[in-house]
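Have a look at protein-v9.cif; it's mmCIF, C-alpha atoms:
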data_data
loop_
_atom_site.label_atom_id
_atom_site.label_comp_id
_atom_site.auth_asym_id
_atom_site.auth_seq_id
_atom_site.Cartn_x
_atom_site.Cartn_y
_atom_site.Cartn_z
CA MET A 1 79.78 50.42 168.44
CA THR A 2 76.52 50.01 166.58
CA ILE A 3 74.55 46.86 165.85
CA THR A 4 73.15 47.45 162.37
CA ALA A 5 70.74 44.51 161.85
CA MET A 6 69.76 41.00 162.81
CA ALA A 7 71.31 38.34 160.57
CA HIS A 8 69.71 35.00 161.48
CA THR A 9 68.95 32.55 164.27
CA CYS A 10 70.92 29.31 164.32
CA PHE A 11 70.14 25.90 165.75
CA THR A 12 72.32 22.79 165.84
CA VAL A 13 70.34 19.74 164.75
CA ALA A 14 70.89 16.01 165.17
CA ASP A 15 69.79 14.90 161.69
CA MET A 16 70.03 17.47 158.89
CA GLU A 17 67.81 15.54 156.47
CA ALA A 18 65.01 15.12 159.02
CA SER A 19 65.33 18.75 160.09
CA LEU A 20 65.24 20.04 156.52
CA ALA A 21 62.14 17.96 155.81
CA PHE A 22 60.44 19.40 158.90
CA TRP A 23 61.50 23.03 158.46
CA THR A 24 60.88 23.19 154.69
CA GLY A 25 57.75 21.03 154.81
CA ALA A 26 55.69 21.58 157.94
CA LEU A 27 57.09 25.04 158.82
CA GLY A 28 57.16 26.32 155.22
CA PHE A 29 60.75 27.62 155.02
CA GLU A 30 62.73 27.54 151.77
CA LEU A 31 66.22 26.04 151.58
CA TRP A 32 68.39 28.92 150.43
CA SER A 33 71.85 27.30 150.60
CA ARG A 34 73.58 24.25 152.01
CA ASP A 35 77.32 23.75 152.29
CA PRO A 36 79.89 21.75 154.24
CA TRP A 37 82.22 23.90 156.33
CA ALA A 38 85.36 22.69 158.10
CA SER A 39 88.03 25.32 157.53
CA PRO A 40 90.57 26.17 160.22
CA GLU A 41 89.14 29.71 160.23
CA LEU A 42 85.64 28.38 160.99
CA GLN A 43 87.01 26.17 163.76
CA ARG A 44 88.83 29.13 165.33
CA SER A 45 85.78 31.39 164.89
CA VAL A 46 83.43 29.04 166.77
CA GLY A 47 86.15 28.01 169.21
CA VAL A 48 85.88 24.27 168.49
CA PRO A 49 89.04 22.72 167.02
CA GLY A 50 88.32 19.97 164.49
CA VAL A 51 84.62 20.75 164.08
CA ALA A 52 83.04 20.04 160.70
CA MET A 53 79.62 21.45 159.91
CA ASP A 54 76.86 20.84 157.40
CA ILE A 55 75.25 24.29 157.24
CA ALA A 56 71.83 25.00 155.74
CA MET A 57 70.35 28.48 155.43
CA LEU A 58 66.57 28.74 155.30
CA LYS A 59 64.34 31.69 154.48
CA GLY A 60 60.67 32.10 155.27
CA HIS A 61 58.07 34.18 157.03
CA GLY A 62 60.35 37.23 156.71
CA TYR A 63 63.14 35.53 158.67
CA GLU A 64 66.35 33.52 158.20
CA ILE A 65 67.18 30.33 160.07
CA GLU A 66 70.54 28.57 159.99
CA LEU A 67 70.64 24.85 160.74
CA ILE A 68 73.95 23.17 161.59
CA ALA A 69 74.68 19.46 161.80
CA CYS A 70 78.10 18.45 163.09
CA GLY A 71 78.12 14.75 162.12
CA GLU A 72 80.88 12.84 163.84
CA THR A 73 81.99 15.88 165.85
CA ALA A 74 78.51 16.31 167.39
CA GLY A 75 78.04 16.01 171.12
CA PRO A 76 74.97 14.66 172.91
CA ALA A 77 71.63 16.35 172.28
CA LEU A 78 70.36 18.88 174.82
CA ASP A 79 66.86 18.69 176.21
CA VAL A 80 66.70 22.11 177.85
CA GLU A 81 63.47 22.90 179.67
CA PRO A 82 61.92 26.30 178.85
CA TYR A 83 62.47 27.62 182.39
CA ARG A 84 66.27 27.09 182.32
CA ALA A 85 68.57 30.07 181.82
CA GLY A 86 69.85 30.02 178.26
CA ALA A 87 66.83 28.19 176.88
CA SER A 88 65.39 29.69 173.72
CA HIS A 89 62.48 29.18 171.38
CA LEU A 90 61.05 30.49 168.14
CA ALA A 91 57.50 31.80 168.23
CA PHE A 92 55.25 31.57 165.17
CA MET A 93 51.93 33.36 164.69
CA CYS A 94 49.19 31.19 163.21
CA ASP A 95 45.51 31.49 162.37
CA ASP A 96 44.44 27.99 163.48
CA ILE A 97 46.51 26.73 166.39
CA GLU A 98 44.85 23.32 166.56
CA ALA A 99 45.36 22.55 162.87
CA THR A 100 48.92 23.94 162.89
CA THR A 101 49.77 21.88 165.98
CA ALA A 102 48.35 18.74 164.35
CA THR A 103 50.37 19.39 161.18
CA LEU A 104 53.62 19.87 163.10
CA VAL A 105 53.05 16.80 165.29
CA GLY A 106 52.24 14.80 162.16
CA ALA A 107 55.56 15.95 160.69
CA GLY A 108 57.61 14.81 163.70
CA ALA A 109 57.22 17.49 166.37
CA ARG A 110 56.31 16.47 169.91
CA MET A 111 54.16 18.32 172.38
CA GLN A 112 55.95 20.20 175.16
CA GLY A 113 52.74 21.59 176.66
CA SER A 114 49.09 21.89 175.76
CA ILE A 115 47.10 24.46 173.80
CA GLU A 116 45.91 27.04 176.32
CA TRP A 117 44.18 30.41 176.38
CA ILE A 118 46.68 32.81 177.98
CA GLU A 119 45.22 35.98 179.45
CA ASP A 120 47.83 37.02 182.00
CA ASP A 121 48.15 40.27 180.03
CA PRO A 122 44.68 41.24 178.74
CA LYS A 123 46.28 43.45 176.05
CA GLN A 124 47.98 40.38 174.55
CA ALA A 125 45.61 37.51 175.34
CA CYS A 126 46.07 34.61 172.92
CA TRP A 127 46.04 30.87 172.39
CA ALA A 128 49.53 29.39 172.82
CA VAL A 129 51.38 26.09 172.93
CA TYR A 130 54.99 24.92 173.04
CA LEU A 131 56.25 22.01 170.92
CA ARG A 132 59.65 20.54 170.07
CA ASP A 133 60.91 19.93 166.56
CA PRO A 134 62.59 16.58 165.71
CA SER A 135 65.90 17.81 167.22
CA GLY A 136 64.25 19.09 170.40
CA ILE A 137 64.21 22.77 169.41
CA LEU A 138 61.45 24.60 171.27
CA LEU A 139 58.76 26.17 169.11
CA GLU A 140 55.84 28.28 170.26
CA LEU A 141 52.62 28.72 168.33
CA ILE A 142 50.52 31.80 169.01
CA GLN A 143 46.98 32.44 167.78
CA PRO A 144 45.61 35.88 168.56
CA PRO A 145 41.94 36.23 169.49
CA ALA A 146 39.45 36.24 166.62
#
Would you put the structure from the file into structure tokens?
Amino acid sequence: MTITAMAHTCFTVADMEASLAFWTGALGFELWSRDPWASPELQRSVGVPGVAMDIAMLKGHGYEIELIACGETAGPALDVEPYRAGASHLAFMCDDIEATTATLVGAGARMQGSIEWIEDDPKQACWAVYLRDPSGILLELIQPPA
């Protein structure tokens, strides 16, 4: 068995239109494709009978993100704290963490923490902050030292 490459990272979102506005606007991704999926094969593949998905593929910053909205088949939103097993986040490098944070908050993100200088590992000291996108997805901003 050999893993040959990474394909994408996927997040389920509460409101596809709001998420697309945030991810293509504030985060600078490009909408690559968007399609409804509800085939029996898809339902068997994800192990959720009856699920219908609105799937958007985004490209940007050398990476691919898949956003899924499940409409009427959606369950309640998760609000997983970063210290819980299974929690995940996407980390973005930036050159001005304060301005980038303000832009994301202005576009609908909410603060999870505060902007802090992290020097636990002197080889990788940086400014960092966690935020949540409009669906609660954890995002980290990292600004290396000048």
Between A:Ala87, A:Ala99, A:Met6, A:Ala146, single out the one closest to Gly62 of chain A, counting only C-alpha atoms. A:Met6
I need the residue set behind the PyMOL selection byres ((chain A and resi 29) around 6) for this file; please write it as an mmCIF file with C-alpha atoms, keeping the file's coordinate frame.
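Result saved to selection-v9.cif:
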data_model
loop_
_atom_site.group_PDB
_atom_site.id
_atom_site.type_symbol
_atom_site.label_atom_id
_atom_site.label_comp_id
_atom_site.auth_asym_id
_atom_site.auth_seq_id
_atom_site.Cartn_x
_atom_site.Cartn_y
_atom_site.Cartn_z
ATOM 1 C CA TRP A 23 61.500 23.030 158.460
ATOM 2 C CA THR A 24 60.880 23.190 154.690
ATOM 3 C CA LEU A 27 57.090 25.040 158.820
ATOM 4 C CA GLY A 28 57.160 26.320 155.220
ATOM 5 C CA GLU A 30 62.730 27.540 151.770
ATOM 6 C CA LEU A 58 66.570 28.740 155.300
ATOM 7 C CA LYS A 59 64.340 31.690 154.480
ATOM 8 C CA GLY A 60 60.670 32.100 155.270
#
Given all atoms listed in the file as the counted atoms, nearest of A:Ala85, A:Ile97, A:Ile115, A:Ala21 to Pro144 of chain A: A:Ile97
Expand the PyMOL selection byres ((chain A and resi 95) around 12) into the individual residues it matches in the shown file, reporting them as a PyMOL selection string. chain A and resi 92-94+96-101+126-128+141-146
Neighbours of segment 106-114 of chain A within 6 Å (only C-alpha atoms; same-chain residues fewer than 4 positions away dropped), as a short mmCIF file (atom, residue, chain, number, x, y, z; two decimals) with C-alpha atoms, in the frame of the given file?
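Listed below is the output, around_26.cif:
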data_model
loop_
_atom_site.label_atom_id
_atom_site.label_comp_id
_atom_site.auth_asym_id
_atom_site.auth_seq_id
_atom_site.Cartn_x
_atom_site.Cartn_y
_atom_site.Cartn_z
CA ALA A 102 48.35 18.74 164.35
CA VAL A 129 51.38 26.09 172.93
CA TYR A 130 54.99 24.92 173.04
CA LEU A 131 56.25 22.01 170.92
CA ARG A 132 59.65 20.54 170.07
CA ASP A 133 60.91 19.93 166.56
CA PRO A 134 62.59 16.58 165.71
#
Grab the atom CA of Gly136 of chain A to atom CA of Trp117 of chain A distance for me, in Å with one decimal place. 23.8 Å
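Take the candidates A:Ile65, A:Ala18, A:Leu138, A:Ala125 and check each one against Ser33 of chain A using only C-alpha atoms; the shortest distance goes to A:Ile65.
Around segment 48-54 of chain A, within 8 Å and counting only C-alpha atoms, the residues found are Met16, Arg34, Asp35, Pro36, Trp37, Ala38, Ser39, Pro40, Gln43, Arg44, Ser45, Val46, Ala56, Ile68, Ala69, Cys70, Gly71 and Thr73 of chain A, once anything fewer than 2 positions away on its own chain is removed.
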Written file, previous selection with C-alpha atoms, as a PDB file, in the coordinates of the input:
ATOM      1  CA  MET A  16      70.030  17.470 158.890  1.00  0.00           C
ATOM      2  CA  ARG A  34      73.580  24.250 152.010  1.00  0.00           C
ATOM      3  CA  ASP A  35      77.320  23.750 152.290  1.00  0.00           C
ATOM      4  CA  PRO A  36      79.890  21.750 154.240  1.00  0.00           C
ATOM      5  CA  TRP A  37      82.220  23.900 156.330  1.00  0.00           C
ATOM      6  CA  ALA A  38      85.360  22.690 158.100  1.00  0.00           C
ATOM      7  CA  SER A  39      88.030  25.320 157.530  1.00  0.00           C
ATOM      8  CA  PRO A  40      90.570  26.170 160.220  1.00  0.00           C
ATOM      9  CA  GLN A  43      87.010  26.170 163.760  1.00  0.00           C
ATOM     10  CA  ARG A  44      88.830  29.130 165.330  1.00  0.00           C
ATOM     11  CA  SER A  45      85.780  31.390 164.890  1.00  0.00           C
ATOM     12  CA  VAL A  46      83.430  29.040 166.770  1.00  0.00           C
ATOM     13  CA  ALA A  56      71.830  25.000 155.740  1.00  0.00           C
ATOM     14  CA  ILE A  68      73.950  23.170 161.590  1.00  0.00           C
ATOM     15  CA  ALA A  69      74.680  19.460 161.800  1.00  0.00           C
ATOM     16  CA  CYS A  70      78.100  18.450 163.090  1.00  0.00           C
ATOM     17  CA  GLY A  71      78.120  14.750 162.120  1.00  0.00           C
ATOM     18  CA  THR A  73      81.990  15.880 165.850  1.00  0.00           C
TER      19      THR A  73
END
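When atom CA of Met57 of chain A is paired with atom CA of Trp32 of chain A, their separation reads 5.4 Å.
The nearest approach to Pro82 of chain A among the residues A:Asp15, A:Leu67, A:Ile137, A:Cys10, with only C-alpha atoms taken into account, belongs to A:Ile137.
For the residues A:Glu66, A:Gly25, A:Leu104, A:Phe11, ranking by smallest atom-to-atom distance to His89 of chain A using all atoms listed in the file places A:Phe11 first.
Across the model, the gap from atom CA of Leu90 of chain A to atom CA of Glu140 of chain A is 6.0 Å.
Minimum distance to Leu20 of chain A across A:Leu139, A:Ile55, A:Leu42, A:Ala5 (counting all atoms listed in the file) occurs at A:Ile55.
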